[in-house]
Amino acid sequence: MTIDQGKLGELVGTFVADLGATIAAGNVVVGHRLGLYRSLAGAAATADQLAQRTGTDPRYVAEWLRGQAAGGYVSYDPASEQFSLTEEQAYALADPDGPLYLPGAFVLALGALRAESQVTDAFRTGAGMGWHEHHEDVFTGCEMFFRPGYLANLTSSWIPALDGVDDKLSAGGRVADVGCGHGASTVLLAQAYPKAAIRGSDYHQASIDTARKRAADAGVADRARFEVASAQMFSGTGYDLVATFDCLHDMGDPAGAARHIRQALDADGTWLIVEPLAGDVLADNLNPVGRVYYSFSAFVCVPNARSQPGGYTLGAQAGETAIRQVAEQAGFTRFRRAAETPFNAVYEARP
Ligand SMILES: C[S@@+](CC[C@H](N)C(=O)[O-])C[C@H]1O[C@@H](n2cnc3c(N)ncnc32)[C@H](O)[C@@H]1O
């Protein structure tokens, strides 16, 4: 065996970065929960000052700050021994309601990793694990992970990219948000289109309970209503828009969902399908974004699909051809990519 020391060094270097990121993930979540980033965004601080401001222990906070500075999430000035956030660090780490909030992704990742032993067993047996069986951080982390993208794009670019939908919803219209989780997209639609009647649904009772609360807190509970129902069973017909946000690939029976969506749509209605951005062939997805999605997929998406009847396991990197096939099999005749971001593919399917 001949070891190429250069290649080995490269692999170990990648590993050290990954190991650091893995254990740093817990620290990012600590910073999120205790408001450490938020406080630091307000003003630079030594460890003692930050601890005092946030009601935390100075020794723990000192270690946290050092690790954060080593990872480039926090800046350090050796002369004053103060830590601070640059504009960019504050933008990405300190505003949970902003257009980019990276700690939410770590809440989701840590929550998903709690299922490691069940997932290891599932690899052996092929059994499924439903979305509802995960730790609750998966549900809130998912909301935090996806909401900034919806906030930045949904009503400003994705809906306007669909044929005639913005006009219909501005005038009224009926919308079904299927697999809505905590209802982040449902609430944004209700806020943007006050005359539209919006019905969110998800098979997971606890997510629907939270979605109802989110709608009430946002003052849109009159027009955003929710039900516990699978994508193959949700109620209502004559919808102008049915939307599935980052959930079609999670389903064991996406074809059944597509058929149900088709019959629930008005003849001139639109199915908005938002899915993780992916190419059609594996080689296209062997990049950092693909790695994120495949890794979540093995822990959450594939196990959920396996837990449901239907026999599909699209996974989180299904690609346009696979999604198109699901839509066309259900009788949708017009299918196109209407928009995309570095993370999302946005498809429009029409009967
Ligand atoms: C990745 S989350 C996305 C949630 C939400 N749409 C969002 O973008 O924040 C996937 C959601 O699909 C839901 N789900 C999975 N299988 C489903 C099914 N067969 N019918 C309805 N919802 C389903 C899960 O409960 C979960 O809320």
# chains A, B, ... in the order shown; residues from 1 in each chain; ligands from 1

$ residues_near_ligand --ligand "ligand 1" --cutoff "6 Å" --atoms "only C-alpha atoms and all ligand atoms" --output "PyMOL selection string"
chain A and resi 131+142-143+146+179-181+184+202-204+230-231+245-247+250-251

$ select_by_dssp --residues "stretch 59-244 of chain A" --states "helix (DSSP H, G or I)" --output "number ranges by chain"
A: 59-71, 87-93, 103-113, 116-125, 131-133, 136-158, 165-171, 184-192, 205-217

$ residues_around --residues "A:Gly319" --least-positions-apart "2" --cutoff "8 Å" --atoms "only C-alpha atoms" --output "ChimeraX atom specification"
/A:277-281,317,321-323

$ residues_around --residues "A:Ala70" --least-positions-apart "5" --cutoff "12 Å" --atoms "only C-alpha atoms" --output "VMD selection string"
chain A and resid 17 20 to 21 24 63 to 65 75 to 76 83

$ residues_around --residues "stretch 331-338 of chain A" --least-positions-apart "3" --cutoff "8 Å" --atoms "only C-alpha atoms" --output "list in words"
Trp158, Ala161, Leu162, Arg259, Arg262, Arg324, Ala327, Glu328, Ala345, Val346, Tyr347, Glu348, Ala349, Arg350 and Pro351 of chain A

$ write_last_selection --atoms "N, CA, C and O atoms" --output "PDB file, in the first residue's frame"
ATOM      1  N   TRP A 158     -41.330  33.962  -5.871  1.00  0.00           N
ATOM      2  CA  TRP A 158     -41.839  32.663  -6.309  1.00  0.00           C
ATOM      3  C   TRP A 158     -43.286  32.744  -6.808  1.00  0.00           C
ATOM      4  O   TRP A 158     -43.607  32.264  -7.896  1.00  0.00           O
ATOM      5  N   ALA A 161     -43.697  34.469 -10.042  1.00  0.00           N
ATOM      6  CA  ALA A 161     -43.169  33.692 -11.174  1.00  0.00           C
ATOM      7  C   ALA A 161     -44.196  32.694 -11.711  1.00  0.00           C
ATOM      8  O   ALA A 161     -43.995  32.101 -12.771  1.00  0.00           O
ATOM      9  N   LEU A 162     -45.293  32.493 -10.983  1.00  0.00           N
ATOM     10  CA  LEU A 162     -46.320  31.547 -11.424  1.00  0.00           C
ATOM     11  C   LEU A 162     -47.329  32.269 -12.307  1.00  0.00           C
ATOM     12  O   LEU A 162     -47.645  33.437 -12.067  1.00  0.00           O
ATOM     13  N   ARG A 259     -52.065  13.024  -7.054  1.00  0.00           N
ATOM     14  CA  ARG A 259     -53.418  12.753  -7.585  1.00  0.00           C
ATOM     15  C   ARG A 259     -54.468  13.519  -6.786  1.00  0.00           C
ATOM     16  O   ARG A 259     -55.393  14.116  -7.332  1.00  0.00           O
ATOM     17  N   ARG A 262     -54.359  17.184  -7.581  1.00  0.00           N
ATOM     18  CA  ARG A 262     -54.951  17.479  -8.889  1.00  0.00           C
ATOM     19  C   ARG A 262     -56.474  17.583  -8.798  1.00  0.00           C
ATOM     20  O   ARG A 262     -57.071  18.506  -9.363  1.00  0.00           O
ATOM     21  N   ARG A 324     -40.977  15.898 -11.756  1.00  0.00           N
ATOM     22  CA  ARG A 324     -41.837  16.020 -12.946  1.00  0.00           C
ATOM     23  C   ARG A 324     -42.617  14.723 -13.176  1.00  0.00           C
ATOM     24  O   ARG A 324     -43.824  14.742 -13.467  1.00  0.00           O
ATOM     25  N   ALA A 327     -45.571  14.413 -10.951  1.00  0.00           N
ATOM     26  CA  ALA A 327     -46.658  15.305 -11.376  1.00  0.00           C
ATOM     27  C   ALA A 327     -47.338  14.766 -12.635  1.00  0.00           C
ATOM     28  O   ALA A 327     -48.578  14.722 -12.723  1.00  0.00           O
ATOM     29  N   GLU A 328     -46.557  14.324 -13.609  1.00  0.00           N
ATOM     30  CA  GLU A 328     -47.149  13.876 -14.872  1.00  0.00           C
ATOM     31  C   GLU A 328     -47.956  12.587 -14.683  1.00  0.00           C
ATOM     32  O   GLU A 328     -49.012  12.427 -15.306  1.00  0.00           O
ATOM     33  N   ALA A 345     -35.514  24.593  -5.453  1.00  0.00           N
ATOM     34  CA  ALA A 345     -36.055  24.539  -6.817  1.00  0.00           C
ATOM     35  C   ALA A 345     -37.557  24.769  -6.697  1.00  0.00           C
ATOM     36  O   ALA A 345     -38.223  24.176  -5.840  1.00  0.00           O
ATOM     37  N   VAL A 346     -38.079  25.642  -7.551  1.00  0.00           N
ATOM     38  CA  VAL A 346     -39.496  26.015  -7.483  1.00  0.00           C
ATOM     39  C   VAL A 346     -40.160  25.609  -8.786  1.00  0.00           C
ATOM     40  O   VAL A 346     -39.832  26.125  -9.854  1.00  0.00           O
ATOM     41  N   TYR A 347     -41.085  24.652  -8.710  1.00  0.00           N
ATOM     42  CA  TYR A 347     -41.735  24.130  -9.910  1.00  0.00           C
ATOM     43  C   TYR A 347     -43.203  24.551  -9.935  1.00  0.00           C
ATOM     44  O   TYR A 347     -43.843  24.696  -8.877  1.00  0.00           O
ATOM     45  N   GLU A 348     -43.712  24.709 -11.149  1.00  0.00           N
ATOM     46  CA  GLU A 348     -45.125  24.996 -11.347  1.00  0.00           C
ATOM     47  C   GLU A 348     -45.722  23.821 -12.133  1.00  0.00           C
ATOM     48  O   GLU A 348     -45.209  23.473 -13.200  1.00  0.00           O
ATOM     49  N   ALA A 349     -46.780  23.211 -11.579  1.00  0.00           N
ATOM     50  CA  ALA A 349     -47.465  22.138 -12.313  1.00  0.00           C
ATOM     51  C   ALA A 349     -48.917  22.536 -12.469  1.00  0.00           C
ATOM     52  O   ALA A 349     -49.551  23.021 -11.523  1.00  0.00           O
ATOM     53  N   ARG A 350     -49.450  22.322 -13.677  1.00  0.00           N
ATOM     54  CA  ARG A 350     -50.851  22.705 -13.929  1.00  0.00           C
ATOM     55  C   ARG A 350     -51.574  21.544 -14.600  1.00  0.00           C
ATOM     56  O   ARG A 350     -50.960  20.776 -15.349  1.00  0.00           O
ATOM     57  N   PRO A 351     -52.865  21.414 -14.334  1.00  0.00           N
ATOM     58  CA  PRO A 351     -53.601  20.280 -14.890  1.00  0.00           C
ATOM     59  C   PRO A 351     -53.592  20.277 -16.413  1.00  0.00           C
ATOM     60  O   PRO A 351     -53.434  21.318 -17.022  1.00  0.00           O
TER      61      PRO A 351
END

$ decode --residues "stretch 131-160 of chain A" --atoms "N, CA and C atoms" --output "PDB file, in the first residue's frame"
ATOM      1  N   TRP A 131     -41.839  11.363  10.811  1.00  0.00           N
ATOM      2  CA  TRP A 131     -41.500  12.745  11.206  1.00  0.00           C
ATOM      3  C   TRP A 131     -41.874  12.979  12.664  1.00  0.00           C
ATOM      4  N   HIS A 132     -43.078  12.496  13.048  1.00  0.00           N
ATOM      5  CA  HIS A 132     -43.594  12.742  14.394  1.00  0.00           C
ATOM      6  C   HIS A 132     -42.781  12.038  15.475  1.00  0.00           C
ATOM      7  N   GLU A 133     -41.936  11.091  15.104  1.00  0.00           N
ATOM      8  CA  GLU A 133     -41.147  10.359  16.107  1.00  0.00           C
ATOM      9  C   GLU A 133     -39.844  11.065  16.465  1.00  0.00           C
ATOM     10  N   HIS A 134     -39.544  12.148  15.783  1.00  0.00           N
ATOM     11  CA  HIS A 134     -38.292  12.868  16.051  1.00  0.00           C
ATOM     12  C   HIS A 134     -38.433  13.779  17.264  1.00  0.00           C
ATOM     13  N   HIS A 135     -37.276  14.233  17.749  1.00  0.00           N
ATOM     14  CA  HIS A 135     -37.252  15.206  18.841  1.00  0.00           C
ATOM     15  C   HIS A 135     -37.909  16.506  18.363  1.00  0.00           C
ATOM     16  N   GLU A 136     -38.535  17.229  19.278  1.00  0.00           N
ATOM     17  CA  GLU A 136     -39.276  18.437  18.871  1.00  0.00           C
ATOM     18  C   GLU A 136     -38.366  19.499  18.238  1.00  0.00           C
ATOM     19  N   ASP A 137     -37.065  19.448  18.497  1.00  0.00           N
ATOM     20  CA  ASP A 137     -36.161  20.413  17.847  1.00  0.00           C
ATOM     21  C   ASP A 137     -36.150  20.238  16.334  1.00  0.00           C
ATOM     22  N   VAL A 138     -36.488  19.052  15.857  1.00  0.00           N
ATOM     23  CA  VAL A 138     -36.572  18.859  14.406  1.00  0.00           C
ATOM     24  C   VAL A 138     -37.691  19.735  13.842  1.00  0.00           C
ATOM     25  N   PHE A 139     -38.785  19.858  14.563  1.00  0.00           N
ATOM     26  CA  PHE A 139     -39.934  20.632  14.057  1.00  0.00           C
ATOM     27  C   PHE A 139     -39.630  22.141  14.107  1.00  0.00           C
ATOM     28  N   THR A 140     -39.111  22.604  15.264  1.00  0.00           N
ATOM     29  CA  THR A 140     -38.795  24.044  15.351  1.00  0.00           C
ATOM     30  C   THR A 140     -37.567  24.377  14.510  1.00  0.00           C
ATOM     31  N   GLY A 141     -36.597  23.454  14.472  1.00  0.00           N
ATOM     32  CA  GLY A 141     -35.401  23.689  13.656  1.00  0.00           C
ATOM     33  C   GLY A 141     -35.754  23.766  12.183  1.00  0.00           C
ATOM     34  N   CYS A 142     -36.678  22.914  11.753  1.00  0.00           N
ATOM     35  CA  CYS A 142     -37.122  22.915  10.357  1.00  0.00           C
ATOM     36  C   CYS A 142     -37.772  24.263  10.020  1.00  0.00           C
ATOM     37  N   GLU A 143     -38.590  24.728  10.918  1.00  0.00           N
ATOM     38  CA  GLU A 143     -39.244  26.033  10.714  1.00  0.00           C
ATOM     39  C   GLU A 143     -38.168  27.132  10.602  1.00  0.00           C
ATOM     40  N   MET A 144     -37.194  27.099  11.493  1.00  0.00           N
ATOM     41  CA  MET A 144     -36.152  28.136  11.459  1.00  0.00           C
ATOM     42  C   MET A 144     -35.266  28.009  10.225  1.00  0.00           C
ATOM     43  N   PHE A 145     -35.058  26.770   9.780  1.00  0.00           N
ATOM     44  CA  PHE A 145     -34.198  26.507   8.620  1.00  0.00           C
ATOM     45  C   PHE A 145     -34.842  27.036   7.336  1.00  0.00           C
ATOM     46  N   PHE A 146     -36.132  26.777   7.179  1.00  0.00           N
ATOM     47  CA  PHE A 146     -36.788  27.111   5.910  1.00  0.00           C
ATOM     48  C   PHE A 146     -37.412  28.505   5.873  1.00  0.00           C
ATOM     49  N   ARG A 147     -37.869  29.005   7.041  1.00  0.00           N
ATOM     50  CA  ARG A 147     -38.634  30.254   7.032  1.00  0.00           C
ATOM     51  C   ARG A 147     -37.884  31.434   6.401  1.00  0.00           C
ATOM     52  N   PRO A 148     -36.589  31.625   6.714  1.00  0.00           N
ATOM     53  CA  PRO A 148     -35.895  32.773   6.102  1.00  0.00           C
ATOM     54  C   PRO A 148     -35.949  32.741   4.569  1.00  0.00           C
ATOM     55  N   GLY A 149     -35.833  31.572   3.985  1.00  0.00           N
ATOM     56  CA  GLY A 149     -35.901  31.464   2.517  1.00  0.00           C
ATOM     57  C   GLY A 149     -37.284  31.826   2.005  1.00  0.00           C
ATOM     58  N   TYR A 150     -38.318  31.419   2.719  1.00  0.00           N
ATOM     59  CA  TYR A 150     -39.690  31.766   2.309  1.00  0.00           C
ATOM     60  C   TYR A 150     -39.908  33.267   2.453  1.00  0.00           C
ATOM     61  N   LEU A 151     -39.406  33.792   3.587  1.00  0.00           N
ATOM     62  CA  LEU A 151     -39.545  35.231   3.843  1.00  0.00           C
ATOM     63  C   LEU A 151     -38.893  36.037   2.718  1.00  0.00           C
ATOM     64  N   ALA A 152     -37.730  35.591   2.285  1.00  0.00           N
ATOM     65  CA  ALA A 152     -36.976  36.343   1.272  1.00  0.00           C
ATOM     66  C   ALA A 152     -37.552  36.169  -0.134  1.00  0.00           C
ATOM     67  N   ASN A 153     -38.232  35.041  -0.402  1.00  0.00           N
ATOM     68  CA  ASN A 153     -38.563  34.729  -1.800  1.00  0.00           C
ATOM     69  C   ASN A 153     -40.036  34.477  -2.116  1.00  0.00           C
ATOM     70  N   LEU A 154     -40.775  33.947  -1.133  1.00  0.00           N
ATOM     71  CA  LEU A 154     -42.070  33.369  -1.483  1.00  0.00           C
ATOM     72  C   LEU A 154     -43.004  34.351  -2.167  1.00  0.00           C
ATOM     73  N   THR A 155     -43.287  35.473  -1.494  1.00  0.00           N
ATOM     74  CA  THR A 155     -44.295  36.370  -2.067  1.00  0.00           C
ATOM     75  C   THR A 155     -43.664  37.425  -2.975  1.00  0.00           C
ATOM     76  N   SER A 156     -42.333  37.595  -2.867  1.00  0.00           N
ATOM     77  CA  SER A 156     -41.687  38.610  -3.718  1.00  0.00           C
ATOM     78  C   SER A 156     -41.257  38.034  -5.063  1.00  0.00           C
ATOM     79  N   SER A 157     -40.879  36.728  -5.103  1.00  0.00           N
ATOM     80  CA  SER A 157     -40.449  36.220  -6.407  1.00  0.00           C
ATOM     81  C   SER A 157     -41.092  34.892  -6.810  1.00  0.00           C
ATOM     82  N   TRP A 158     -41.330  33.962  -5.871  1.00  0.00           N
ATOM     83  CA  TRP A 158     -41.839  32.663  -6.309  1.00  0.00           C
ATOM     84  C   TRP A 158     -43.286  32.744  -6.808  1.00  0.00           C
ATOM     85  N   ILE A 159     -44.169  33.373  -6.007  1.00  0.00           N
ATOM     86  CA  ILE A 159     -45.579  33.463  -6.451  1.00  0.00           C
ATOM     87  C   ILE A 159     -45.692  34.301  -7.727  1.00  0.00           C
ATOM     88  N   PRO A 160     -44.997  35.474  -7.789  1.00  0.00           N
ATOM     89  CA  PRO A 160     -45.078  36.238  -9.040  1.00  0.00           C
ATOM     90  C   PRO A 160     -44.543  35.484 -10.258  1.00  0.00           C
TER      91      PRO A 160
END
